[in-house]
$ cat protein37.cif   # mmCIF, C-alpha atoms
data_query
loop_
_atom_site.label_atom_id
_atom_site.label_comp_id
_atom_site.auth_asym_id
_atom_site.auth_seq_id
_atom_site.Cartn_x
_atom_site.Cartn_y
_atom_site.Cartn_z
CA GLY A 1 0.00 0.00 0.00
CA TYR A 2 0.82 3.67 0.03
CA ALA A 3 -0.20 6.60 2.25
CA THR A 4 0.23 10.30 1.57
CA GLY A 5 -1.09 13.15 3.66
CA GLN A 6 -4.41 11.95 5.04
CA ARG A 7 -5.22 9.45 2.26
CA GLU A 8 -4.40 5.74 1.98
CA TYR A 9 -4.21 3.60 -1.13
CA ALA A 10 -4.09 -0.12 -1.85
CA LEU A 11 -1.80 -1.15 -4.72
CA GLN A 12 -3.49 -4.13 -6.34
CA CYS A 13 -1.94 -6.49 -8.86
CA HIS A 14 -4.17 -8.86 -10.80
CA GLY A 15 -4.54 -10.60 -14.15
CA VAL A 16 -5.59 -7.45 -16.03
CA GLY A 17 -2.86 -5.19 -14.68
CA PHE A 18 -2.30 -2.77 -11.81
CA ALA A 19 -5.00 -0.91 -9.89
CA ILE A 20 -4.78 1.86 -7.31
CA ILE A 21 -7.66 1.77 -4.82
CA ASP A 22 -8.46 4.63 -2.41
CA VAL A 23 -9.07 2.90 0.95
CA THR A 24 -9.09 6.03 3.12
CA ASN A 25 -12.69 5.27 4.11
CA PRO A 26 -13.01 1.46 4.35
CA ALA A 27 -16.79 1.72 3.98
CA ASN A 28 -16.39 3.59 0.68
CA THR A 29 -13.38 2.29 -1.26
CA PHE A 30 -13.04 3.08 -4.94
CA ARG A 31 -10.65 2.56 -7.83
CA VAL A 32 -8.64 5.66 -8.73
CA GLN A 33 -6.67 4.16 -11.61
CA LEU A 34 -6.36 0.94 -13.59
CA VAL A 35 -3.41 0.40 -15.90
CA PRO A 36 -3.79 -2.68 -18.11
CA MET A 37 -0.51 -4.58 -18.44
CA GLU A 38 0.45 -7.25 -20.93
CA GLY A 39 1.54 -10.72 -19.92
CA GLY A 40 1.93 -12.00 -16.41
CA GLY A 41 -1.56 -13.40 -15.97
CA TYR A 42 -1.64 -14.25 -12.30
CA TRP A 43 2.09 -13.60 -11.70
CA ARG A 44 2.27 -9.91 -11.02
CA ASP A 45 3.75 -8.15 -7.99
CA ALA A 46 4.49 -4.61 -6.73
CA ALA A 47 6.89 -2.93 -4.31
CA THR A 48 7.44 0.70 -3.33
CA HIS A 49 10.58 2.79 -2.95
CA PHE A 50 10.88 6.20 -1.30
CA ASP A 51 13.52 8.28 -3.09
CA PRO A 52 15.03 10.75 -0.58
CA SER A 53 16.59 12.93 -3.30
CA THR A 54 13.20 13.76 -4.87
CA GLY A 55 10.95 13.15 -1.86
CA LYS A 56 8.77 10.92 -4.06
CA THR A 57 7.56 7.36 -3.67
CA PHE A 58 7.67 5.07 -6.68
CA ALA A 59 5.84 1.78 -7.23
CA TYR A 60 7.53 -0.92 -9.30
CA VAL A 61 5.13 -3.42 -10.85
CA GLY A 62 6.43 -6.49 -12.64
CA SER A 63 5.08 -9.66 -14.17
CA GLN A 64 6.29 -12.97 -15.52
CA GLY A 65 5.05 -15.38 -18.15
CA THR A 66 2.15 -15.12 -20.54
CA GLN A 67 -0.52 -16.98 -18.59
CA GLY A 68 -3.81 -15.20 -19.11
CA GLY A 69 -2.78 -13.64 -22.42
CA GLY A 70 -0.40 -10.97 -23.53
CA GLN A 71 3.11 -11.34 -24.83
CA ASN A 72 5.26 -8.78 -23.02
CA PRO A 73 5.34 -9.15 -19.23
CA ASN A 74 7.48 -6.12 -18.38
CA LEU A 75 8.46 -3.98 -15.39
CA VAL A 76 6.59 -0.65 -15.02
CA VAL A 77 7.45 2.23 -12.65
CA PHE A 78 4.80 4.61 -11.26
CA ASP A 79 5.37 8.01 -9.61
CA LEU A 80 2.84 7.92 -6.76
CA SER A 81 3.21 11.65 -5.98
CA TYR A 82 0.34 12.31 -8.41
CA LEU A 83 -2.12 10.78 -5.93
CA SER A 84 -4.08 13.17 -3.69
CA GLY A 85 -3.11 13.40 -0.04
CA ASP A 86 -5.90 15.85 0.84
CA ILE A 87 -8.68 14.31 2.93
CA ASN A 88 -11.19 16.78 1.47
CA ILE A 89 -10.15 16.48 -2.18
CA PRO A 90 -9.89 12.85 -3.27
CA ASP A 91 -9.01 11.73 -6.76
CA GLY A 92 -12.19 10.72 -8.55
CA ILE A 93 -13.33 7.23 -9.47
CA ASP A 94 -11.20 6.02 -12.40
CA SER A 95 -9.77 9.56 -12.74
CA ASP A 96 -6.33 8.23 -13.78
CA PRO A 97 -4.25 10.90 -12.00
CA ILE A 98 -0.92 9.31 -12.96
CA PRO A 99 -0.21 10.11 -16.62
CA ALA A 100 1.47 7.68 -19.01
CA GLY A 101 5.06 8.42 -19.96
CA THR A 102 8.20 9.70 -18.24
CA GLY A 103 7.30 11.45 -15.01
CA GLY A 104 4.02 9.52 -14.58
CA TYR A 105 4.30 5.82 -15.31
CA LEU A 106 6.73 4.19 -17.67
CA ASN A 107 7.30 0.70 -19.04
CA LEU A 108 10.97 -0.07 -18.30
CA GLY A 109 11.03 -3.29 -20.29
CA TYR A 110 13.02 -5.92 -18.37
CA LYS A 111 10.91 -8.55 -20.08
CA ASP A 112 9.74 -11.59 -18.13
CA LEU A 113 11.99 -10.99 -15.10
CA THR A 114 9.51 -10.52 -12.24
CA HIS A 115 7.84 -13.47 -10.60
CA THR A 116 7.95 -11.55 -7.31
CA ILE A 117 9.57 -8.24 -6.38
CA ASN A 118 10.86 -6.37 -3.35
CA VAL A 119 12.76 -3.22 -2.46
CA ALA A 120 15.18 -2.59 0.41
CA ARG A 121 17.79 0.11 1.06
CA GLY A 122 17.49 1.59 -2.42
CA LEU A 123 17.87 -1.78 -4.14
CA LEU A 124 15.26 -3.41 -6.38
CA PHE A 125 15.08 -7.22 -6.32
CA LEU A 126 13.44 -8.87 -9.33
CA ASN A 127 12.88 -12.50 -8.40
CA THR A 128 12.70 -14.23 -11.74
CA ALA A 129 11.96 -17.87 -10.82
CA ARG A 130 14.25 -18.72 -13.75
CA ALA A 131 17.62 -20.43 -13.19
CA SER A 132 19.52 -18.37 -15.74
CA ASN A 133 18.60 -15.10 -14.02
CA GLY A 134 17.90 -15.92 -10.37
CA CYS A 135 17.35 -12.78 -8.32
CA ARG A 136 18.36 -9.71 -10.35
CA VAL A 137 19.42 -6.76 -8.23
CA TYR A 138 19.22 -3.12 -9.40
CA ASP A 139 20.28 0.19 -7.83
CA LEU A 140 17.43 2.72 -7.54
CA THR A 141 19.40 5.48 -5.81
CA ALA A 142 20.96 7.20 -8.85
CA ASN A 143 17.80 7.26 -10.98
CA PRO A 144 14.53 5.58 -9.96
CA TRP A 145 13.33 5.85 -13.59
CA ASN A 146 16.34 3.91 -14.90
CA PRO A 147 17.59 1.38 -12.32
CA SER A 148 21.19 0.22 -12.82
CA PHE A 149 21.76 -3.54 -12.93
CA LEU A 150 24.22 -4.67 -10.22
CA PHE A 151 24.28 -8.49 -10.17
CA ASN A 152 22.19 -11.66 -10.22
CA THR A 153 22.13 -14.80 -8.13
CA GLY A 154 21.33 -17.17 -11.02
CA GLY A 155 22.81 -20.56 -11.73
CA THR A 156 21.84 -24.22 -11.70
CA GLY A 157 19.02 -24.70 -9.19
CA ARG A 158 19.17 -21.01 -8.22
CA ASP A 159 15.97 -19.65 -9.69
CA CYS A 160 15.05 -17.22 -6.86
CA HIS A 161 11.32 -17.81 -6.51
CA ASP A 162 11.19 -15.14 -3.79
CA SER A 163 13.56 -13.09 -1.65
CA PHE A 164 13.53 -10.94 1.46
CA VAL A 165 16.06 -8.50 2.90
CA ARG A 166 16.40 -8.39 6.66
CA GLU A 167 18.06 -5.10 7.54
CA ASN A 168 20.66 -4.61 10.26
CA ILE A 169 21.39 -8.10 11.55
CA ASP A 170 24.52 -7.51 13.61
CA GLY A 171 25.18 -4.42 11.51
CA LYS A 172 24.64 -6.17 8.17
CA ASP A 173 21.78 -6.49 5.71
CA VAL A 174 21.05 -10.10 4.82
CA LEU A 175 19.35 -11.38 1.63
CA PHE A 176 17.25 -14.51 2.12
CA VAL A 177 16.41 -16.35 -1.11
CA SER A 178 13.94 -19.18 -1.66
CA ASP A 179 14.61 -21.23 -4.78
CA GLY A 180 11.57 -23.01 -6.19
CA SER A 181 13.08 -25.63 -8.50
CA GLY A 182 16.09 -26.24 -6.26
CA ARG A 183 13.76 -26.53 -3.25
CA ARG A 184 16.19 -24.74 -0.97
CA GLU A 185 16.76 -21.48 0.83
CA ARG A 186 19.93 -19.44 0.59
CA ILE A 187 21.35 -16.65 2.76
#
$ encode --input "protein37.cif" --output "structure tokens"
Amino acid sequence: GYATGQREYALQCHGVGFAIIDVTNPANTFRVQLVPMEGGGYWRDAATHFDPSTGKTFAYVGSQGTQGGGQNPNLVVFDLSYLSGDINIPDGIDSDPIPAGTGGYLNLGYKDLTHTINVARGLLFLNTARASNGCRVYDLTANPWNPSFLFNTGGTGRDCHDSFVRENIDGKDVLFVSDGSGRRERI
């Protein structure tokens, strides 16, 4: 989810694409924006990153595979600063406040690399669930619109079905990886 000012939003991934739901009043929730996305079917995930240099929060939404139709399951970045934070002035139903294109939301490509996704300490983790790619790690700190590839954890039996970063364990950040086909966990 995402909160700004006095408003709260649910970030919902589903077979059609990505939806932003205003949940400020639980008795009166409504969809603010729906962005159809190709590919992915039921494998779609989102994570948020606060960029201290711009003061903005970005959502990264990725997908994998072509289940459910579509041919290009890509990674898309959204600038969430377009969403209203004013309790008295909500975005309207299906008002689409985030424009398409640079500065609003942008398809970054990175085809078929996101089974699951997470963000920690300015790093983006695309968990591919594919042995040749494993967990692909990108730096978001220099430019959240164009993440720089750092490394991957791929290899035989290292498909990175999911990952989690536990921050500050004895002064270190630790990456936990769960490999699906290898049926093992790595630290």
$ atom_distance --input "protein37.cif" --atom1 "CA of Gly109 in chain A" --atom2 "CA of Leu75 in chain A"
5.6 Å
$ residues_around --input "protein37.cif" --residues "Thr141 in chain A" --least-positions-apart "3" --cutoff "9 Å" --atoms "only C-alpha atoms" --output "list in words"
Asp51, Pro52, Ser53, Arg121, Gly122, Leu123, Pro144, Pro147 and Ser148 of chain A
$ residues_around --input "protein37.cif" --residues "Phe50 in chain A" --least-positions-apart "2" --cutoff "12 Å" --atoms "only C-alpha atoms" --output "ChimeraX atom specification"
/A:2-4,47-48,52-60,78-81,119-124,140-141,143-144
$ resolve_selection --input "protein37.cif" --expression "the PyMOL selection byres ((chain A and resi 92) around 10)" --output "VMD selection string"
chain A and resid 22 30 to 33 84 89 to 91 93 to 97
$ resolve_selection --input "protein37.cif" --expression "the PyMOL selection byres ((chain A and resi 165) around 9)" --output "PyMOL selection string"
chain A and resi 118-121+163-164+166-167+173-177
$ atom_distance --input "protein37.cif" --atom1 "CA of Thr116 in chain A" --atom2 "CA of Thr29 in chain A"
26.1 Å
$ atom_distance --input "protein37.cif" --atom1 "CA of Gly62 in chain A" --atom2 "CA of Tyr138 in chain A"
13.6 Å
$ closest_residue --input "protein37.cif" --among "A:Asn127, A:Ile21, A:Ile87, A:Val77" --to "Pro99 in chain A" --atoms "only C-alpha atoms"
A:Val77
$ closest_residue --input "protein37.cif" --among "A:Asp139, A:Glu38, A:Asp159, A:Glu8" --to "Gly85 in chain A" --atoms "only C-alpha atoms"
A:Glu8
$ closest_residue --input "protein37.cif" --among "A:Val61, A:Ala27, A:Leu11, A:Ala46" --to "Asn107 in chain A" --atoms "only C-alpha atoms"
A:Val61
$ resolve_selection --input "protein37.cif" --expression "the PyMOL selection byres ((chain A and resi 126) around 6)" --output "ChimeraX atom specification"
/A:114,117,125,127-128,135-136
$ closest_residue --input "protein37.cif" --among "A:Thr153, A:Gln6, A:Asn146, A:Asn28" --to "Asn133 in chain A" --atoms "only C-alpha atoms"
A:Thr153
$ residues_around --input "protein37.cif" --residues "Gly17 in chain A" --least-positions-apart "2" --cutoff "8 Å" --atoms "only C-alpha atoms" --output "number ranges by chain"
A: 13-15, 19, 34-38, 44
$ write_last_selection --input "protein37.cif" --atoms "C-alpha atoms" --output "PDB file, in the frame of the given file"
ATOM      1  CA  CYS A  13      -1.940  -6.490  -8.860  1.00  0.00           C
ATOM      2  CA  HIS A  14      -4.170  -8.860 -10.800  1.00  0.00           C
ATOM      3  CA  GLY A  15      -4.540 -10.600 -14.150  1.00  0.00           C
ATOM      4  CA  ALA A  19      -5.000  -0.910  -9.890  1.00  0.00           C
ATOM      5  CA  LEU A  34      -6.360   0.940 -13.590  1.00  0.00           C
ATOM      6  CA  VAL A  35      -3.410   0.400 -15.900  1.00  0.00           C
ATOM      7  CA  PRO A  36      -3.790  -2.680 -18.110  1.00  0.00           C
ATOM      8  CA  MET A  37      -0.510  -4.580 -18.440  1.00  0.00           C
ATOM      9  CA  GLU A  38       0.450  -7.250 -20.930  1.00  0.00           C
ATOM     10  CA  ARG A  44       2.270  -9.910 -11.020  1.00  0.00           C
TER      11      ARG A  44
END
$ decode --input "protein37.cif" --residues "range 166-180 of chain A" --atoms "all heavy atoms" --output "compact mmCIF listing (two decimals), in the first residue's frame"
# COMPACT_ATOMS: atom_id res chain seq x y z
N ARG A 166 16.52 -8.72 5.24
CA ARG A 166 16.40 -8.39 6.66
C ARG A 166 17.49 -7.37 6.95
O ARG A 166 18.68 -7.68 6.79
CB ARG A 166 16.55 -9.64 7.52
CG ARG A 166 16.49 -9.42 8.99
CD ARG A 166 15.06 -9.07 9.42
NE ARG A 166 15.04 -8.77 10.82
CZ ARG A 166 14.27 -9.38 11.68
NH1 ARG A 166 13.44 -10.30 11.29
NH2 ARG A 166 14.32 -9.05 12.94
N GLU A 167 17.10 -6.18 7.33
CA GLU A 167 18.06 -5.10 7.54
C GLU A 167 18.65 -5.13 8.94
O GLU A 167 17.97 -5.45 9.91
CB GLU A 167 17.38 -3.76 7.27
CG GLU A 167 16.92 -3.61 5.83
CD GLU A 167 16.20 -2.30 5.56
OE1 GLU A 167 16.12 -1.44 6.46
OE2 GLU A 167 15.69 -2.15 4.44
N ASN A 168 19.94 -4.82 9.01
CA ASN A 168 20.66 -4.61 10.26
C ASN A 168 20.66 -5.81 11.19
O ASN A 168 20.26 -5.72 12.35
CB ASN A 168 20.14 -3.35 10.98
CG ASN A 168 21.15 -2.84 11.99
OD1 ASN A 168 22.32 -3.17 11.93
ND2 ASN A 168 20.68 -2.02 12.91
N ILE A 169 21.14 -6.93 10.71
CA ILE A 169 21.39 -8.10 11.55
C ILE A 169 22.86 -8.02 11.92
O ILE A 169 23.74 -8.21 11.07
CB ILE A 169 21.07 -9.42 10.83
CG1 ILE A 169 19.59 -9.50 10.49
CG2 ILE A 169 21.50 -10.60 11.69
CD1 ILE A 169 19.20 -10.74 9.72
N ASP A 170 23.14 -7.72 13.15
CA ASP A 170 24.52 -7.51 13.61
C ASP A 170 25.26 -6.54 12.71
O ASP A 170 26.42 -6.75 12.34
CB ASP A 170 25.28 -8.85 13.69
CG ASP A 170 24.70 -9.79 14.73
OD1 ASP A 170 24.17 -9.29 15.75
OD2 ASP A 170 24.76 -11.01 14.53
N GLY A 171 24.57 -5.47 12.32
CA GLY A 171 25.18 -4.42 11.51
C GLY A 171 25.23 -4.70 10.02
O GLY A 171 25.79 -3.93 9.25
N LYS A 172 24.64 -5.81 9.59
CA LYS A 172 24.64 -6.17 8.17
C LYS A 172 23.22 -6.37 7.66
O LYS A 172 22.33 -6.73 8.42
CB LYS A 172 25.44 -7.46 7.95
CG LYS A 172 26.89 -7.36 8.31
CD LYS A 172 27.60 -8.67 8.07
CE LYS A 172 29.06 -8.53 8.48
NZ LYS A 172 29.79 -9.78 8.26
N ASP A 173 23.04 -6.15 6.36
CA ASP A 173 21.78 -6.49 5.71
C ASP A 173 21.95 -7.87 5.10
O ASP A 173 22.98 -8.16 4.49
CB ASP A 173 21.44 -5.48 4.61
CG ASP A 173 21.19 -4.09 5.18
OD1 ASP A 173 20.91 -3.96 6.38
OD2 ASP A 173 21.28 -3.13 4.41
N VAL A 174 20.95 -8.72 5.27
CA VAL A 174 21.05 -10.10 4.82
C VAL A 174 19.94 -10.39 3.82
O VAL A 174 18.77 -10.09 4.07
CB VAL A 174 20.97 -11.09 6.01
CG1 VAL A 174 21.05 -12.53 5.52
CG2 VAL A 174 22.08 -10.80 7.01
N LEU A 175 20.31 -10.98 2.67
CA LEU A 175 19.35 -11.38 1.63
C LEU A 175 19.02 -12.86 1.82
O LEU A 175 19.90 -13.71 1.77
CB LEU A 175 19.94 -11.14 0.24
CG LEU A 175 19.12 -11.64 -0.95
CD1 LEU A 175 17.80 -10.90 -1.05
CD2 LEU A 175 19.92 -11.50 -2.24
N PHE A 176 17.73 -13.14 2.03
CA PHE A 176 17.25 -14.51 2.12
C PHE A 176 16.58 -14.83 0.79
O PHE A 176 15.74 -14.07 0.31
CB PHE A 176 16.23 -14.66 3.25
CG PHE A 176 16.80 -14.43 4.62
CD1 PHE A 176 16.87 -13.15 5.15
CD2 PHE A 176 17.27 -15.49 5.37
CE1 PHE A 176 17.39 -12.92 6.42
CE2 PHE A 176 17.79 -15.28 6.64
CZ PHE A 176 17.86 -13.99 7.16
N VAL A 177 16.94 -15.95 0.19
CA VAL A 177 16.41 -16.35 -1.11
C VAL A 177 15.78 -17.73 -1.00
O VAL A 177 16.37 -18.64 -0.41
CB VAL A 177 17.53 -16.37 -2.19
CG1 VAL A 177 16.99 -16.89 -3.51
CG2 VAL A 177 18.14 -15.00 -2.35
N SER A 178 14.59 -17.88 -1.58
CA SER A 178 13.94 -19.18 -1.66
C SER A 178 13.90 -19.60 -3.12
O SER A 178 13.30 -18.92 -3.95
CB SER A 178 12.51 -19.08 -1.10
OG SER A 178 11.87 -20.32 -1.26
N ASP A 179 14.58 -20.71 -3.42
CA ASP A 179 14.61 -21.23 -4.78
C ASP A 179 13.51 -22.27 -4.95
O ASP A 179 13.42 -23.21 -4.16
CB ASP A 179 15.97 -21.88 -5.07
CG ASP A 179 17.10 -20.87 -5.08
OD1 ASP A 179 16.89 -19.76 -5.57
OD2 ASP A 179 18.20 -21.21 -4.60
N GLY A 180 12.68 -22.09 -5.96
CA GLY A 180 11.57 -23.01 -6.19
C GLY A 180 12.02 -24.35 -6.74
O GLY A 180 11.77 -25.38 -6.13
